[in-house]
Structure formats: C-alpha cells, structure tokens
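K.L.:
This is the structure I have questions about; it appears just below.
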Amino acid sequence: MSESLLIHHIGCLVSAPAAATPLSGNQQGQIETHEDVWILIEDGHIQRIGSMHEPLPRTQHTYHAQGGMVLPAFVDSHTHLVFAASREGEFVDRIRGLSYQEIAQRGGGIINSAKKLRQTDEQQLFEQALERIYQLIHLGTGALEIKSGYGLNAEAELKMLRVIRRLKEAVPIPIKATFLGAHALPPEYVNQRKAYLRLIEKEMLPRIAEQGLADYMDVFCEQVAFTASETDRLLDAAARYGLKAKIHTNQFHSMGGIEVAVKHQARSVDHLEVVAPHEIELLAQHRTTIATLLPSAPFFLNDPYPPARRLIDAGVPLALASDYNPGSSPSGNMWLVWALACIKMRMLPQEALVAATLNGAHAIDLDTSLGSLQPGKRAHLIITRPAPHLAYFPYAFGQNHVQAVYVGNKWFKTH
C-alpha cells in the first residue's frame, strides 16, 4: 500500500526549475516560486503542487507548514566527513600565524588526519560519521558526497571507502563515494613519489573497482600535493576502472589543474580560490564541468574567496558545498555556506540556493531525482520557519531557520 503525505499551508515554495544541465550565467539564479500552496507526496515522490484555494487532497498523513517556506534539501557535493579526530590544535597554530602550508610541512594537516585514521578501527569511524550525517540532515542536507583521502595507504583508504559504503546503507539520504588516495604524499613515500603513484594505480584502484567502493576519483592538484601531470596520469588510470573525474585545484596556486579537469571532462573542479582569466574562459567553454566553490574553507583559513561573480558573469555553472573536514572547514552547515556565498562572494540569494541544490545535484549525478521540487522527483525538502523573503535566510545567518526536514520518507523535526 502506498504512503501519502500532504504538506499544507506553505507560505511559499521556492525551487530551481527542472534542468537537464547545470544552470549558469543569467540562469544561475533562476527560481520558481509558488505562494500559499500545498504539496502532495506519495511513496516519497512529489505528485502535485496545488493552491490552498482549491480542495485539499485526502491523504494518510498531513503536516501543517505554519506559513513557512519549503525549499529543496541541500545537496552537499564535496565533503570529507569520515575522519578520526578533530584538529583544533592546528586552528590555534593558525591564530598564532602559521599558514596551511607551514602546518602541513610540520606533519600537520592531511598527514595528521591520516595518522589518526590509520589508528582508528572501522566501527568507530562509522559511528562517528553516522552521528555527523544525522546532524547535517537535521540542518537540511538531503544528499552527500564523501571522499576518502585520510588513509594514504591501501588498507586505510579501503577502510574509509568501506565505511562510506556502510553509511550509504544506513542513512535515508543518497551518498556518493569518491576515492581521494591522491590527497597528499604520505610520509613513508616522501622521497618516492613515483612509487606512491604506482601504488594508487596498481593496487588501490584495482581493489576499489573490484569491490565497487567508489563512484569518482579525485586528486588534490596543488604545490603541497600533486602536479598537473601527476593528476592527469592518475585520472587516466581511474578512467580505466570506470571512475569519473573530480579535481581539488586552485586552492592556493594556479598550476594547470583546470586544464586537466576539462581534458578529463571532470564532473566538477573544486575550490578555485585562485583562478586566472584564461581558466575562467576555459570553464565557460566547457559547462559540463561544474565549478564547486567551498566558501567556508577560506572563511576558516582566512584566505581569499573564489571570484564567484566573475565566474557567473562568464557563464560558468557554480555549485556550493561545505568541504566538511577536520582541518580547513569543520562544519557541514549549508546555511552558513549560503550566507558566506552571499556576504563574501557577492552571489545573490537565489543564485546561491540554485548552487547549493540543483547544481550540487548535477555535480554528483543526482539531478534527475534531487535538487529541485517538481512532480516525479524525490521529496527531499526543508520546511523553514516563517520568513519575509528568501534573502532573509543568508541575511539572518546566525539563526536556525529549520522547522522540519523531510528526506527518505522520514521526518526530522526541530524541537
């Protein structure tokens, strides 16, 4: 027997339109609004949106929205949510003046997380990550990407990916898994770069593919990590095992990562705090590669923000994600990401909403089912507290705007 739900007395339903490709340029901020409406949901899928001035359908379950807005649940397309321990000591080091790169050179950063993760058993990693995910669901996140990359050897990377697979089975929201073994050079390979690349190619990738543990392959293309040519080589190897490409790049330096991303038709190219005019032009010419911006990372590191306005004006499709990780963005709060996008990157509220929902869904190949609210799509949605305007949410950045979240046929309510 099918389950039916009616959410009624919605003040305003706001969503990106259904779109077969990521929205960009003038369309980046295109939204649909329906005032004073109800939404009919059957078996977790949207059936119809109707006016409160017409008869209400009879359903098994109802929810009174109290005049709040209904938004698509956030699609957080870039996280490192599986980790063993926090790194608040490095936070204090940065306050004292050390840079991200200096902390990394002292054995901090990613290497610090890798050391702790190798020492932590799989069950503990799973339980910690599960708790984090449910915290994010209560904040309105309805889908996630999670990367490995804190293992940096075959057994620890596989352990991380097994944890992500268990999370996929345990939570009511979709999760995509990304293999990021090329996140940093582990200390035992500091003078053996080629040997570590071979380890990824010859041992990690075959085992990951055999066990079906990842959807994507990511590489950190930066001076503290891997070169553009090494990134190119690793993505070639990943393609042979059926893994789609993603790239961390241009966080601190422009060094060819965007060219490699375009060559490999990467689903997204992420960070872009530092980006040259010719790189923006290249991304504008290849709009299937989404520029995923992570404003809470430069906020936390006190670094320059990505040039979102220049990217939008050039026609580059943007997504927004949290970069949730213990070192440079220890928060998965997408409301904060939305506010930072508006306050620090001059994105309009509706542009940022599209980036955090529909374009985020495109960045992890969930756009046919999530990211916007139309009949036929999954009903992953946020019911907000009453608000005067969409712009109120990033404007009032310190408030909890969530009344309830509905994802995976389940309610998560704020009390």
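Ligands are numbered from 1 in the order shown, chains are lettered A, B, ... in the order of the structure tokens, and residues start at 1 in each chain.
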Using only C-alpha atoms, which protein or nucleic acid residues come within 7 Å of range 72-80 of chain A? Drop anything in the same chain fewer than 4 positions from it, and give the result as a PyMOL selection string.
P.N.:
chain A and resi 15+140-148+321-325+356-357+360-361+363-364+371-373+380-382
K.L.:
Please indicate the distance in Å from CA of Asn26 in chain A to CA of Met334 in chain A, rounded to one decimal place.
P.N.:
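The value is 23.0 Å.
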K.L.:
Using only C-alpha atoms, which of A:Val275, A:Ala177, A:Leu71, A:Ala396 sits nearest Leu340 in chain A?
P.N.:
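Among the listed residues, the smallest separation from Leu340 in chain A belongs to A:Ala396.
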K.L.:
Taking into account only C-alpha atoms, which residue in the set A:Asn400, A:Gln124, A:Thr249, A:Gln28 is nearest to Phe226 in chain A?
P.N.:
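Nearest to Phe226 in chain A: A:Thr249.
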K.L.:
Could you find all residues in range 101-266 of chain A that DSSP calls strand (DSSP E or B) from the backbone, and write them as a PyMOL selection string?
P.N.:
chain A and resi 141-147+175-182+216-221+226+244-249
K.L.:
Please list as a list in words every residue within 8 Å of range 252-260 of chain A, counting only C-alpha atoms and excluding residues in the same chain fewer than 6 positions away.
P.N.:
Cys221, Glu222, Gln223, Thr227, Ala228, Thr231, Asp232, Val269, Glu273, Val274, Val275, Ala276, Glu279, Leu282 and Leu283 of chain A
K.L.:
Residues of the last selection are to be written out with C-alpha atoms, as an mmCIF file, in the first residue's frame.
P.N.:
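What ended up in result.cif:
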```cif
data_model
loop_
_atom_site.group_PDB
_atom_site.id
_atom_site.type_symbol
_atom_site.label_atom_id
_atom_site.label_comp_id
_atom_site.auth_asym_id
_atom_site.auth_seq_id
_atom_site.Cartn_x
_atom_site.Cartn_y
_atom_site.Cartn_z
ATOM 1 C CA CYS A 221 46.380 19.241 -7.623
ATOM 2 C CA GLU A 222 48.423 21.703 -5.557
ATOM 3 C CA GLN A 223 52.023 22.518 -4.666
ATOM 4 C CA THR A 227 51.299 18.225 -10.030
ATOM 5 C CA ALA A 228 49.065 18.672 -13.060
ATOM 6 C CA THR A 231 46.856 14.418 -11.771
ATOM 7 C CA ASP A 232 46.458 13.710 -15.482
ATOM 8 C CA VAL A 269 36.530 21.236 -10.326
ATOM 9 C CA GLU A 273 40.131 30.450 -4.567
ATOM 10 C CA VAL A 274 42.870 31.406 -7.056
ATOM 11 C CA VAL A 275 41.808 31.431 -10.697
ATOM 12 C CA ALA A 276 43.203 33.208 -13.761
ATOM 13 C CA GLU A 279 40.989 29.456 -16.709
ATOM 14 C CA LEU A 282 38.153 27.632 -20.376
ATOM 15 C CA LEU A 283 35.496 26.609 -17.838
#
```
K.L.:
Find the residues near Ile41 in chain A: any atom within 7 Å, counting only C-alpha atoms, skip ones fewer than 2 places away on the same chain, and give them as a list in words.
P.N.:
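Answer for this query is Ser4, Leu5, Leu6, Ile39, Asp43, Gly44, His45, Ile46, Gln47 and Ala379 of chain A.
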K.L.:
Which residues come within 12 Å of Arg309 in chain A, counting only C-alpha atoms, excluding same-chain residues fewer than 5 positions away, as a list in words?
P.N.:
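Non-adjacent residues within range: Ser24, Gly25, Asn26, Gln28, Ile280, Leu293, Ala314, Gly315, Val316, Pro317, Leu318, Ala341, Cys342, Ile343, Lys344, Met345, Arg346, Met347, Leu348, Glu351 and Ala352 of chain A.
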K.L.:
If we count only C-alpha atoms, what is near range 196-205 of chain A at a cut-off of 10 Å, once residues fewer than 4 positions away on the same chain are taken out, given as a PyMOL selection string?
P.N.:
chain A and resi 152-155+157-158+179-182+185-186+188-192+209-211+213-214+217+226+230-231+233-238+240-241+243
K.L.:
So how far away is CA of Gln251 in chain A from CA of Val337 in chain A, in Å?
P.N.:
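It comes out at 16.9 Å.
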K.L.:
Nearest residue to Leu98 in chain A out of A:Leu301, A:Pro55, A:Ile111, A:Ile164, using only C-alpha atoms?
P.N.:
A:Leu301
K.L.:
Which polymer residues have any atom within 12 Å of an atom of Gly97 in chain A, counting only C-alpha atoms, with same-chain residues fewer than 6 positions away left out, as a list in words?
P.N.:
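Neighbouring residues, sequence-local ones excluded: Glu90, Phe91, Ile103, Leu301 and Asn302 of chain A.
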K.L.:
Can you spit out the residues from that selection as a PDB file, in the first residue's frame, using C-alpha atoms?
P.N.:
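out.pdb, freshly written:
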```pdb
ATOM      1  CA  GLU A  90      46.140  23.499  14.213  1.00  0.00           C
ATOM      2  CA  PHE A  91      43.358  26.081  14.490  1.00  0.00           C
ATOM      3  CA  ILE A 103      51.370  23.341   9.225  1.00  0.00           C
ATOM      4  CA  LEU A 301      41.641  29.687   6.852  1.00  0.00           C
ATOM      5  CA  ASN A 302      41.307  33.462   6.400  1.00  0.00           C
TER       6      ASN A 302
END
```
K.L.:
Choose the residue, out of A:Phe300, A:Ala291, A:Thr384, A:Val407, that has the smallest atom-to-atom separation from Arg94 in chain A; count only C-alpha atoms.
P.N.:
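Result for the nearest residue to Arg94 in chain A: A:Phe300.
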K.L.:
CA of Gln135 in chain A and CA of Val402 in chain A are how many Å apart?
P.N.:
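CA of Val402 in chain A lies at a distance of 12.4 Å from CA of Gln135 in chain A.
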K.L.:
Run DSSP on the backbone and grab whatever in range 158-237 of chain A lands in alpha helix (DSSP H); send it over as a PyMOL selection string.
P.N.:
chain A and resi 158-170+193-199+205-211+228-237
K.L.:
For the selection just defined, write its residues with C-alpha atoms to a file, as a tab-separated table (two decimals), in the first residue's frame.
P.N.:
```tsv
chain	number	residue	atom	x	y	z
A	158	LEU	CA	39.82	0.87	1.58
A	159	LYS	CA	38.73	1.07	5.21
A	160	MET	CA	37.41	4.59	4.62
A	161	LEU	CA	35.56	3.56	1.49
A	162	ARG	CA	34.00	0.59	3.28
A	163	VAL	CA	32.77	2.99	5.96
A	164	ILE	CA	31.22	5.18	3.27
A	165	ARG	CA	29.52	2.12	1.77
A	166	ARG	CA	28.07	1.25	5.19
A	167	LEU	CA	26.85	4.83	5.57
A	168	LYS	CA	25.09	4.59	2.21
A	169	GLU	CA	23.14	1.63	3.54
A	170	ALA	CA	22.43	3.17	6.96
A	193	ARG	CA	56.61	9.97	-5.44
A	194	LYS	CA	56.58	7.60	-8.40
A	195	ALA	CA	56.23	4.60	-6.10
A	196	TYR	CA	53.16	6.11	-4.45
A	197	LEU	CA	51.58	6.86	-7.82
A	198	ARG	CA	52.17	3.23	-8.81
A	199	LEU	CA	50.60	2.08	-5.53
A	205	LEU	CA	42.36	1.34	-7.94
A	206	PRO	CA	42.02	-2.34	-8.92
A	207	ARG	CA	40.84	-3.31	-5.43
A	208	ILE	CA	38.43	-0.37	-5.21
A	209	ALA	CA	36.97	-1.22	-8.62
A	210	GLU	CA	36.71	-4.92	-7.82
A	211	GLN	CA	34.75	-4.18	-4.64
A	228	ALA	CA	49.07	18.67	-13.06
A	229	SER	CA	50.91	15.92	-14.94
A	230	GLU	CA	50.55	13.54	-11.99
A	231	THR	CA	46.86	14.42	-11.77
A	232	ASP	CA	46.46	13.71	-15.48
A	233	ARG	CA	48.15	10.34	-15.09
A	234	LEU	CA	46.01	9.30	-12.12
A	235	LEU	CA	42.76	10.31	-13.78
A	236	ASP	CA	43.75	8.31	-16.86
A	237	ALA	CA	44.20	5.30	-14.59
```
